[in-house]
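*Asks:* Contents of coords-v3.csv (CSV, C-alpha atoms and all ligand atoms):
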chain,number,residue,atom,x,y,z
A,783,MET,CA,41.9,91.9,111.7
A,784,LYS,CA,45.3,91.7,110.0
A,785,THR,CA,45.4,95.5,109.6
A,786,LEU,CA,44.6,95.9,113.3
A,787,HIS,CA,47.4,93.5,114.2
A,788,LEU,CA,49.8,95.4,112.0
A,789,SER,CA,48.9,98.8,113.5
A,790,VAL,CA,49.2,97.5,117.1
A,791,PHE,CA,52.6,96.0,116.2
A,792,LEU,CA,53.7,99.3,114.6
A,793,PHE,CA,52.4,101.3,117.5
A,794,ILE,CA,54.3,99.0,120.0
A,795,SER,CA,57.5,99.1,117.9
A,796,PHE,CA,57.3,102.9,117.6
A,797,PHE,CA,56.5,103.2,121.3
A,798,SER,CA,59.5,101.0,122.3
A,799,ILE,CA,61.9,102.9,120.1
A,800,MET,CA,60.7,106.2,121.6
A,801,THR,CA,60.9,104.8,125.1
A,802,ALA,CA,64.5,103.5,124.5
A,803,GLN,CA,65.5,106.9,123.0
A,804,ALA,CA,63.9,108.7,125.9
A,805,ASN,CA,66.1,106.7,128.3
A,806,VAL,CA,69.3,107.8,126.6
A,807,LYS,CA,70.4,111.3,127.5
A,808,PRO,CA,71.8,113.6,124.9
A,809,PHE,CA,75.6,113.4,124.6
A,810,LEU,CA,77.3,116.7,125.5
A,811,PHE,CA,80.3,117.4,123.3
A,812,VAL,CA,82.2,120.7,123.3
A,813,GLY,CA,79.0,122.7,124.0
A,814,GLU,CA,76.9,120.7,121.5
A,815,LYS,CA,73.9,118.7,122.7
A,816,ILE,CA,73.6,115.6,120.5
A,817,LYS,CA,70.2,113.8,120.9
A,818,ALA,CA,70.0,110.0,121.1
A,819,GLY,CA,69.7,108.5,117.6
A,820,THR,CA,71.4,111.4,115.8
A,821,LYS,CA,74.9,112.5,114.7
A,822,LYS,CA,76.7,115.8,114.6
A,823,SER,CA,79.9,116.9,112.9
A,824,VAL,CA,82.1,119.5,114.5
A,825,LEU,CA,85.2,121.3,113.4
A,826,LEU,CA,87.1,121.6,116.7
A,827,PRO,CA,89.4,124.7,116.6
A,828,VAL,CA,93.0,124.4,118.0
A,829,VAL,CA,95.0,127.6,118.6
A,830,SER,CA,98.5,128.0,119.8
A,831,GLY,CA,99.9,131.6,119.6
A,832,GLN,CA,99.8,132.6,115.9
A,833,ASP,CA,99.2,129.0,114.7
A,834,SER,CA,95.9,127.4,114.4
A,835,THR,CA,94.1,124.4,112.9
A,836,VAL,CA,90.9,122.4,113.2
A,837,ILE,CA,90.1,118.8,114.1
A,838,PRO,CA,87.1,117.3,112.2
A,839,ILE,CA,85.1,115.1,114.5
A,840,THR,CA,81.7,113.4,114.1
A,841,VAL,CA,79.8,112.1,117.1
A,842,PHE,CA,77.3,109.3,116.4
A,843,HIS,CA,75.0,109.0,119.5
A,844,GLY,CA,73.0,105.8,119.4
A,845,SER,CA,69.4,105.5,120.2
A,846,LYS,CA,70.2,102.8,122.8
A,847,LYS,CA,72.6,102.7,125.7
A,848,GLY,CA,76.1,101.4,125.2
A,849,PRO,CA,79.8,102.2,125.5
A,850,VAL,CA,81.6,105.3,124.1
A,851,LEU,CA,84.2,104.3,121.5
A,852,GLY,CA,86.8,106.8,120.3
A,853,ILE,CA,88.4,106.4,116.9
A,854,THR,CA,91.4,108.5,115.6
A,855,ALA,CA,92.7,108.5,112.1
A,856,GLY,CA,95.3,110.8,110.5
A,857,VAL,CA,97.5,111.2,113.6
A,858,HIS,CA,100.1,110.9,110.8
A,859,GLY,CA,99.0,112.9,107.8
A,860,LEU,CA,100.5,110.7,105.0
A,861,GLU,CA,98.9,107.5,106.3
A,862,TYR,CA,96.1,107.5,103.8
A,863,ALA,CA,94.4,104.2,104.2
A,864,PRO,CA,93.2,105.0,107.8
A,865,ILE,CA,92.2,108.5,106.7
A,866,MET,CA,90.2,107.2,103.7
A,867,ALA,CA,88.5,104.5,105.9
A,868,ALA,CA,87.4,107.2,108.4
A,869,GLN,CA,86.0,109.2,105.5
A,870,ALA,CA,83.9,106.3,104.3
A,871,LEU,CA,82.8,105.1,107.8
A,872,PRO,CA,79.9,107.5,108.4
A,873,LYS,CA,77.8,105.9,105.5
A,874,HIS,CA,77.9,102.6,107.5
A,875,LEU,CA,76.8,104.1,110.8
A,876,ASP,CA,73.1,104.9,111.5
A,877,PRO,CA,72.7,106.3,115.0
A,878,THR,CA,69.1,105.1,115.2
A,879,GLN,CA,70.4,101.5,115.0
A,880,MET,CA,73.4,102.0,117.4
A,881,SER,CA,73.7,101.2,121.1
A,882,GLY,CA,76.3,103.6,122.5
A,883,THR,CA,78.3,106.4,121.1
A,884,VAL,CA,81.2,106.7,118.5
A,885,LEU,CA,83.5,109.7,118.5
A,886,LEU,CA,85.2,109.6,115.1
A,887,VAL,CA,88.2,111.9,114.6
A,888,HIS,CA,88.4,111.9,110.8
A,889,LEU,CA,91.8,113.5,110.6
A,890,ALA,CA,93.8,114.4,113.8
A,891,ASN,CA,96.6,116.2,112.0
A,892,VAL,CA,95.1,118.4,109.3
A,893,PRO,CA,98.3,120.5,108.7
A,894,ALA,CA,100.4,117.4,108.1
A,895,PHE,CA,97.7,116.0,105.7
A,896,LEU,CA,97.4,119.2,103.7
A,897,GLN,CA,101.1,119.8,103.5
A,898,ARG,CA,101.9,116.1,102.7
A,899,SER,CA,104.3,116.1,105.6
A,900,LEU,CA,106.0,112.8,106.6
A,901,MET,CA,105.5,111.9,110.3
A,902,VAL,CA,105.6,115.5,111.6
A,903,ASN,CA,103.3,118.5,111.8
A,904,PRO,CA,105.0,121.0,109.4
A,905,VAL,CA,103.9,123.9,111.7
A,906,ASP,CA,106.2,123.0,114.6
A,907,GLY,CA,108.1,119.9,113.3
A,908,LYS,CA,106.7,117.7,116.0
A,909,ASN,CA,105.4,114.1,115.7
A,910,LEU,CA,101.9,114.1,117.1
A,911,ASN,CA,102.3,110.4,118.1
A,912,ARG,CA,105.2,111.3,120.4
A,913,VAL,CA,103.7,114.2,122.4
A,914,PHE,CA,100.7,112.7,124.2
A,915,PRO,CA,99.0,113.7,126.6
A,916,GLY,CA,100.0,117.1,125.1
A,917,LYS,CA,100.1,120.5,126.8
A,918,SER,CA,97.3,123.0,127.2
A,919,ASP,CA,99.8,125.8,126.6
A,920,GLY,CA,102.1,123.9,124.1
A,921,THR,CA,103.0,124.2,120.4
A,922,LEU,CA,100.3,123.4,117.9
A,923,THR,CA,101.0,119.7,117.9
A,924,GLU,CA,101.1,119.5,121.7
A,925,LYS,CA,97.8,121.4,121.7
A,926,ILE,CA,96.2,119.0,119.2
A,927,ALA,CA,97.3,116.1,121.5
A,928,PHE,CA,95.9,117.9,124.5
A,929,VAL,CA,92.5,118.5,122.8
A,930,ILE,CA,92.3,114.9,121.7
A,931,SER,CA,93.2,113.7,125.2
A,932,THR,CA,90.7,115.8,127.0
A,933,GLU,CA,87.8,116.1,124.6
A,934,VAL,CA,87.9,112.6,123.0
A,935,ILE,CA,90.0,110.0,124.9
A,936,ALA,CA,88.8,111.2,128.4
A,937,ARG,CA,85.1,110.6,127.2
A,938,CYS,CA,85.7,107.0,126.1
A,939,ASP,CA,85.1,103.6,127.5
A,940,ASN,CA,87.2,102.0,124.6
A,941,PHE,CA,89.6,103.6,122.2
A,942,ILE,CA,91.3,102.8,118.9
A,943,ASP,CA,94.0,104.7,117.0
A,944,VAL,CA,94.4,103.8,113.3
A,945,HIS,CA,97.7,104.0,111.5
A,946,ALA,CA,99.5,102.7,108.4
A,947,GLY,CA,103.1,102.5,107.2
A,948,ASP,CA,104.0,106.1,106.5
A,949,ALA,CA,104.9,107.2,103.0
A,950,ASN,CA,108.4,105.8,103.4
A,951,ASN,CA,107.2,102.5,104.8
A,952,ASP,CA,106.2,99.2,103.3
A,953,LEU,CA,104.0,97.5,106.0
A,954,ARG,CA,102.4,94.2,106.7
A,955,PRO,CA,98.9,94.8,108.3
A,956,TYR,CA,98.5,94.1,112.0
A,957,ALA,CA,96.5,95.0,115.1
A,958,GLY,CA,98.0,95.9,118.4
A,959,TYR,CA,97.0,96.3,122.0
A,960,TYR,CA,98.6,97.4,125.3
A,961,ASN,CA,99.4,94.7,127.8
A,962,TYR,CA,100.6,95.6,131.3
A,963,PHE,CA,100.7,92.9,134.0
A,964,ASP,CA,99.4,95.2,136.8
A,965,MET,CA,96.4,96.1,134.7
A,966,PRO,CA,95.0,92.6,133.9
A,967,GLU,CA,91.4,93.7,133.4
A,968,VAL,CA,92.1,96.6,131.0
A,969,SER,CA,94.7,94.5,129.2
A,970,GLU,CA,92.4,91.6,128.7
A,971,LYS,CA,89.6,93.8,127.4
A,972,ALA,CA,92.1,95.4,125.0
A,973,ARG,CA,93.2,91.9,123.9
A,974,GLN,CA,89.6,90.9,123.1
A,975,MET,CA,89.2,94.2,121.2
A,976,ALA,CA,92.3,93.5,119.2
A,977,VAL,CA,91.1,89.9,118.3
A,978,SER,CA,87.8,91.3,117.1
A,979,LEU,CA,89.5,93.5,114.5
A,980,GLY,CA,90.1,90.4,112.5
A,981,PHE,CA,93.8,90.8,111.7
A,982,ASP,CA,95.9,87.6,111.7
A,983,PHE,CA,98.9,89.4,113.4
A,984,ILE,CA,98.5,91.0,116.8
A,985,VAL,CA,101.4,92.9,118.4
A,986,GLN,CA,101.4,93.2,122.2
A,987,PHE,CA,102.7,96.6,123.1
A,988,GLY,CA,104.2,97.1,126.6
A,989,ASN,CA,104.3,93.5,127.8
A,990,GLU,CA,105.8,94.6,131.1
A,991,LYS,CA,104.8,95.0,134.7
A,992,SER,CA,103.5,98.5,134.6
A,993,LEU,CA,103.1,101.6,132.5
A,994,THR,CA,105.4,104.1,134.3
A,995,GLU,CA,106.6,106.4,131.4
A,996,GLU,CA,104.7,109.3,129.8
A,997,SER,CA,102.0,108.3,127.4
A,998,ILE,CA,103.8,109.6,124.3
A,999,TYR,CA,101.5,107.6,122.0
A,1000,CYS,CA,97.8,108.4,121.4
A,1001,SER,CA,96.4,105.1,122.4
A,1002,ARG,CA,98.8,104.7,125.3
A,1003,GLU,CA,97.2,107.9,126.7
A,1004,ALA,CA,93.9,105.9,126.8
A,1005,THR,CA,95.7,103.0,128.5
A,1006,LYS,CA,97.1,105.4,131.1
A,1007,ARG,CA,93.5,106.4,131.8
A,1008,ASN,CA,92.5,102.8,132.3
A,1009,ILE,CA,90.6,102.7,129.0
A,1010,PRO,CA,91.2,99.5,127.0
A,1011,ALA,CA,93.0,100.7,123.8
A,1012,VAL,CA,94.1,99.1,120.5
A,1013,ASP,CA,95.8,100.2,117.3
A,1014,ILE,CA,95.5,99.2,113.7
A,1015,GLU,CA,98.4,99.4,111.3
A,1016,CYS,CA,97.2,98.8,107.8
A,1017,GLY,CA,98.2,100.6,104.5
A,1018,ARG,CA,101.6,101.7,103.2
A,1019,MET,CA,103.8,103.7,101.0
A,1020,GLY,CA,101.7,106.9,100.9
A,1021,ILE,CA,99.2,105.3,98.5
A,1022,VAL,CA,95.5,104.6,98.8
A,1023,GLU,CA,95.0,100.9,98.3
A,1024,GLU,CA,91.3,99.9,98.3
A,1025,LYS,CA,92.1,96.6,99.9
A,1026,SER,CA,93.7,98.3,103.0
A,1027,VAL,CA,90.9,100.9,103.2
A,1028,LEU,CA,88.2,98.1,103.2
A,1029,GLN,CA,90.2,96.0,105.7
A,1030,ILE,CA,90.3,99.0,108.2
A,1031,GLN,CA,86.6,99.7,107.6
A,1032,GLN,CA,85.6,96.1,108.2
A,1033,ALA,CA,87.8,96.0,111.3
A,1034,LEU,CA,86.2,99.1,112.8
A,1035,LEU,CA,82.7,97.7,112.2
A,1036,SER,CA,83.7,94.4,113.6
A,1037,LEU,CA,85.1,96.1,116.8
A,1038,MET,CA,81.7,97.9,117.1
A,1039,ARG,CA,79.9,94.5,116.9
A,1040,HIS,CA,82.3,93.2,119.6
A,1041,LEU,CA,81.4,96.1,121.8
A,1042,GLN,CA,77.7,95.6,120.9
A,1043,ILE,CA,77.4,99.1,119.6
A,1044,LEU,CA,76.3,97.5,116.4
A,1045,GLU,CA,74.3,94.2,116.1
A,1046,GLY,CA,75.9,91.1,114.7
A,1047,GLU,CA,78.9,89.0,115.3
A,1048,PRO,CA,82.5,90.3,115.1
A,1049,ALA,CA,84.8,88.8,112.4
A,1050,SER,CA,87.4,87.6,114.9
A,1051,VAL,CA,90.4,85.5,113.8
A,1052,ARG,CA,90.5,82.2,115.5
A,1053,ASN,CA,94.3,81.8,116.1
A,1054,PRO,CA,96.1,85.1,115.4
A,1055,VAL,CA,99.9,85.2,115.6
A,1056,MET,CA,100.7,87.0,118.8
A,1057,ILE,CA,103.9,89.1,118.5
A,1058,ALA,CA,105.2,89.7,122.1
A,1059,LYS,CA,108.4,91.6,121.1
A,1060,ARG,CA,109.8,93.6,118.3
A,1061,THR,CA,113.3,94.7,117.3
A,1062,SER,CA,114.0,97.9,115.3
A,1063,VAL,CA,117.0,98.1,113.0
A,1064,SER,CA,118.2,101.6,112.3
A,1065,SER,CA,120.8,103.1,110.0
A,1066,LYS,CA,124.3,104.0,111.2
A,1067,TYR,CA,124.9,106.1,108.0
A,1068,GLU,CA,123.3,108.6,105.7
A,1069,GLY,CA,122.9,107.9,102.0
A,1070,PHE,CA,121.1,105.4,99.9
A,1071,PHE,CA,119.4,102.3,101.3
A,1072,TYR,CA,118.9,99.1,99.2
A,1073,SER,CA,116.9,96.0,100.1
A,1074,ASP,CA,115.0,93.4,98.1
A,1075,LEU,CA,113.0,92.3,101.0
A,1076,THR,CA,109.3,93.0,101.5
A,1077,SER,CA,107.1,93.5,104.6
A,1078,GLY,CA,105.8,90.1,105.7
A,1079,ASP,CA,109.0,88.3,104.7
A,1080,TYR,CA,110.4,86.0,107.4
A,1081,VAL,CA,114.0,86.6,108.2
A,1082,LYS,CA,116.8,84.8,110.1
A,1083,LYS,CA,119.4,86.2,112.6
A,1084,ASP,CA,122.7,87.2,110.8
A,1085,MET,CA,121.3,87.2,107.3
A,1086,LYS,CA,121.9,90.2,105.1
A,1087,LEU,CA,118.8,92.4,104.9
A,1088,GLY,CA,120.2,95.1,102.6
A,1089,TYR,CA,123.0,97.6,102.3
A,1090,ILE,CA,123.8,101.3,102.4
A,1091,THR,CA,125.9,103.4,100.0
A,1092,ASP,CA,127.2,107.0,100.3
A,1093,LEU,CA,126.0,109.9,98.1
A,1094,PHE,CA,128.4,108.7,95.3
A,1095,GLY,CA,127.1,105.1,95.4
A,1096,ASN,CA,130.1,103.7,97.3
A,1097,HIS,CA,129.2,100.7,99.5
A,1098,LEU,CA,129.2,101.8,103.2
A,1099,ALA,CA,127.8,98.8,105.1
A,1100,ASP,CA,125.6,95.7,104.9
A,1101,VAL,CA,122.5,95.7,107.1
A,1102,ILE,CA,122.6,92.5,109.2
A,1103,CYS,CA,119.5,90.9,110.8
A,1104,PRO,CA,119.7,90.9,114.6
A,1105,THR,CA,117.0,88.3,115.2
A,1106,ASP,CA,114.7,85.7,113.7
A,1107,GLY,CA,111.3,87.0,112.9
A,1108,VAL,CA,109.0,88.6,110.4
A,1109,ILE,CA,109.3,92.1,108.8
A,1110,LEU,CA,106.3,94.1,110.1
A,1111,TYR,CA,107.5,97.2,108.2
A,1112,LYS,CA,110.6,98.6,106.4
A,1113,THR,CA,111.8,101.6,104.7
A,1114,PHE,CA,111.2,100.9,101.0
A,1115,ASN,CA,112.8,103.9,99.2
A,1116,PRO,CA,116.4,105.1,99.0
A,1117,PRO,CA,116.9,108.2,101.2
A,1118,ILE,CA,118.3,107.3,104.7
A,1119,LYS,CA,119.6,109.5,107.4
A,1120,GLN,CA,121.7,108.3,110.4
A,1121,GLY,CA,119.3,106.9,113.0
A,1122,ASP,CA,116.4,106.4,110.6
A,1123,GLY,CA,114.5,103.1,111.0
A,1124,LEU,CA,115.2,100.5,108.3
A,1125,PHE,CA,113.2,97.5,109.6
A,1126,ASN,CA,110.8,96.7,112.4
A,1127,ILE,CA,111.0,92.9,113.0
A,1128,GLY,CA,108.3,91.1,115.0
A,1129,HIS,CA,109.6,88.1,117.0
A,1130,THR,CA,107.6,85.0,116.2
A,1131,ASN,CA,108.9,82.8,119.1
B,1,ZN,ZN,101.4,106.4,112.1
Just dump the structure as structure tokens.
*Replies:*
Amino acid sequence: MKTLHLSVFLFISFFSIMTAQANVKPFLFVGEKIKAGTKKSVLLPVVSGQDSTVIPITVFHGSKKGPVLGITAGVHGLEYAPIMAAQALPKHLDPTQMSGTVLLVHLANVPAFLQRSLMVNPVDGKNLNRVFPGKSDGTLTEKIAFVISTEVIARCDNFIDVHAGDANNDLRPYAGYYNYFDMPEVSEKARQMAVSLGFDFIVQFGNEKSLTEESIYCSREATKRNIPAVDIECGRMGIVEEKSVLQIQQALLSLMRHLQILEGEPASVRNPVMIAKRTSVSSKYEGFFYSDLTSGDYVKKDMKLGYITDLFGNHLADVICPTDGVILYKTFNPPIKQGDGLFNIGHTN
């Protein structure tokens, strides 16, 4: 009797899984047909004149219906924590247990990663996170942006771009989302996504009436397409810190729970600090930059944040704080050119 019950139960379970999978159509991605409950890794070629590269992308197509989530890591090639988190993510994702689809861009900027290039793609000297939506006939970086915009972002219901402090930046982790007053529904969905990432600091990008400028930024391209979009900033100094890698991994899995792609409750933070405005402090001189402050330090208007010397070590200027707030990120090593960012300060009131 027991055996009979078990076989009936197994049959019904098997049958319901098969029926659910049968209801979910294959996901078509750059000519590949990815069946429900399976995953596929693709090296997407990008060619611009004599220059070329690839974008490694894995598509996880769940066995049940759900939203399409796009994830990009490595838009900046020296931001290792996001890149390493994206490397580790596939072992936590089983498409037979997922509802919906995840498009994971493991590394958006392969040339910058392989050449250890700060902020820009060494092939054309352009910053990938300043050229969105890209151009179909542009330079290699513009073409990468175009491919990500059309093949990944355009396919998504929700989008997240993962960054860290670059190799010259000490950064305090935070999440961010786009908030435009004439897009209340998209902005609110993005806010909820940001909260689900579990960071105790959340920066509100935009915070104005409407998005009228060009996208420029990867996740703002999603916002421009009415897709709720968030960012993570976690990791720093061009190093791989296990703590940051794990924090990003947990945040991405928590976001997938919030979107019900994965089962379980998201690890939301109850009362995150909302940062509605930021001020950048940049250098008026080139030379050496000195500062004893660390990311996460609270600062006061008019206090001395650091100083700059010329190439002989002569004092050129003190760096004075323009506002009360908290240091989200700062340049932590000596080389400074005129116009380089020294501090990014989040306003806390
Ligand atoms: Zn970045």
*Asks:* Give me, as a Markdown table, each residue of chain A that comes within 7 Å of ligand ZN 1 (chain B), together with its shortest interatomic pair and the distance in Å at one decimal, counting all atoms listed in the file, with rows ordered by chain and rising residue number.
*Replies:*
| residue | atom | partner | partner_atom | distance |
| --- | --- | --- | --- | --- |
| A:Val857 | CA | B:ZN1 | ZN | 6.4 |
| A:His858 | CA | B:ZN1 | ZN | 4.9 |
| A:Glu861 | CA | B:ZN1 | ZN | 6.4 |
| A:His945 | CA | B:ZN1 | ZN | 4.5 |
| A:Ala946 | CA | B:ZN1 | ZN | 5.6 |
| A:Gly947 | CA | B:ZN1 | ZN | 6.5 |
| A:Asp948 | CA | B:ZN1 | ZN | 6.2 |
*Asks:* When you count all atoms listed in the file, which of these residues is closest to A:His888: A:Gly1107, A:Gly907, A:Pro864, A:Gly1069?
*Replies:* A:Pro864
*Asks:* I'd like the neighbourhood of A:Gly859 as a list in words, where a residue qualifies if any of its atoms comes within 8 Å (using all atoms listed in the file), though same-chain residues fewer than 2 positions away should be ignored.
*Replies:*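 Using all atoms listed in the file, the neighbours found are Gly856, Val857, Glu861, Tyr862, Leu889, Asn891, Val892, Pro893, Ala894, Phe895, Leu896, Arg898, Ser899, Leu900 and Met901 of chain A.
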*Asks:* One decimal, in Å: what's the spacing between atom CA of A:Ala1058 and atom CA of A:Gly980?
*Replies:*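 Atom-to-atom, atom CA of A:Ala1058 to atom CA of A:Gly980, that is 17.9 Å.
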*Asks:* Work out how far atom CA of A:Leu910 is from atom CA of A:Glu924, in Å to one decimal.
*Replies:* 7.1 Å
*Asks:* Hey, which of A:Ser823, A:Val1055, A:Ala957, A:Lys846 ends up closest to A:Val887? Count all atoms listed in the file.
*Replies:*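 Using all atoms listed in the file, A:Val887 sits closest to A:Ser823.
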*Asks:* May I ask which of the residues A:Ala890, A:Leu1028, A:Ile837, A:Val1081 is the closest one to A:Thr1105, counting all atoms listed in the file?
*Replies:*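 Residue with the minimum atom-to-atom distance to A:Thr1105: A:Val1081.
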*Asks:* A:Ala863, A:Leu851, A:Ala949, A:Ala1099: which is nearest A:Pro1010, counting all atoms listed in the file?
*Replies:*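 Checking each of A:Ala863, A:Leu851, A:Ala949, A:Ala1099 against A:Pro1010, counting all atoms listed in the file, the winner is A:Leu851.
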*Asks:* Need the shell around A:Met880: protein/DNA/RNA residues with any atom at most 8 Å away, counting only C-alpha atoms. Skip same-chain ones fewer than 6 positions apart. Format as a PyMOL selection string?
*Replies:* chain A and resi 819+843-846+1043-1045
*Asks:* Could you write out the selected residues, including C-alpha atoms, as a PDB file, in the frame of the given file?
*Replies:*
ATOM      1  CA  GLY A 819      69.700 108.500 117.600  1.00  0.00           C
ATOM      2  CA  HIS A 843      75.000 109.000 119.500  1.00  0.00           C
ATOM      3  CA  GLY A 844      73.000 105.800 119.400  1.00  0.00           C
ATOM      4  CA  SER A 845      69.400 105.500 120.200  1.00  0.00           C
ATOM      5  CA  LYS A 846      70.200 102.800 122.800  1.00  0.00           C
ATOM      6  CA  ILE A1043      77.400  99.100 119.600  1.00  0.00           C
ATOM      7  CA  LEU A1044      76.300  97.500 116.400  1.00  0.00           C
ATOM      8  CA  GLU A1045      74.300  94.200 116.100  1.00  0.00           C
TER       9      GLU A1045
END
*Asks:* So, with only C-alpha atoms as the atoms that count, which of A:Asn909, A:Thr835, A:Ser978, A:Ser931 lies closest to A:Gln1032?
*Replies:*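 Smallest separation from A:Gln1032 among the options: A:Ser978.
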*Asks:* To one decimal place in Å, what is the distance between atom CA of A:Gly1095 and atom CA of A:Arg954?
*Replies:*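 Atom CA of A:Arg954 lies at a distance of 29.3 Å from atom CA of A:Gly1095.
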*Asks:* Dump as a PyMOL selection string all residues having an atom at most 12 Å from (95.0, 90.0, 115.3), computed in the file's coordinates with all atoms listed in the file.
*Replies:* chain A and resi 955-959+972-986+1012-1016+1033+1037+1049-1057
*Asks:* For the point (86.4, 102.2, 124.3) in the file's frame, write as a PyMOL selection string all residues with an atom no more than 12 Å away, counting all atoms listed in the file.
*Replies:* chain A and resi 848-854+882-886+934-943+968+971-972+974-976+1001+1004-1005+1007-1013+1034+1037-1038+1040-1043
*Asks:* For the contact check between stretch 942-963 of chain A and stretch 1114-1124 of chain A, emit one row per residue of stretch 942-963 of chain A within 9 Å, containing the shortest atom pair and the distance in Å rounded to one decimal, counting all atoms listed in the file, chain then rising number order, as a tab-separated table.
*Replies:*
residue	atom	partner	partner_atom	distance
A:Asn950	CA	A:Phe1114	CA	6.1
A:Asn951	CA	A:Phe1114	CA	5.7
A:Asp952	CA	A:Phe1114	CA	5.8
*Asks:* Export, as an mmCIF file, keeping the file's coordinate frame, the selected residues with C-alpha atoms.
*Replies:*
data_model
loop_
_atom_site.group_PDB
_atom_site.id
_atom_site.type_symbol
_atom_site.label_atom_id
_atom_site.label_comp_id
_atom_site.auth_asym_id
_atom_site.auth_seq_id
_atom_site.Cartn_x
_atom_site.Cartn_y
_atom_site.Cartn_z
ATOM 1 C CA ASN A 950 108.400 105.800 103.400
ATOM 2 C CA ASN A 951 107.200 102.500 104.800
ATOM 3 C CA ASP A 952 106.200 99.200 103.300
#
*Asks:* Name the residues in contact with A:Lys1006 at a cut-off of 8 Å, using all atoms listed in the file, excluding same-chain residues fewer than 4 positions from it; report them as an NGL selection string.
*Replies:* :A and (993 or 997 or 1002)
*Asks:* Which of these residues is nearest to A:Thr878, using all atoms listed in the file: A:Gln1029, A:Thr820, A:Thr1091, A:Thr1061?
*Replies:* A:Thr820
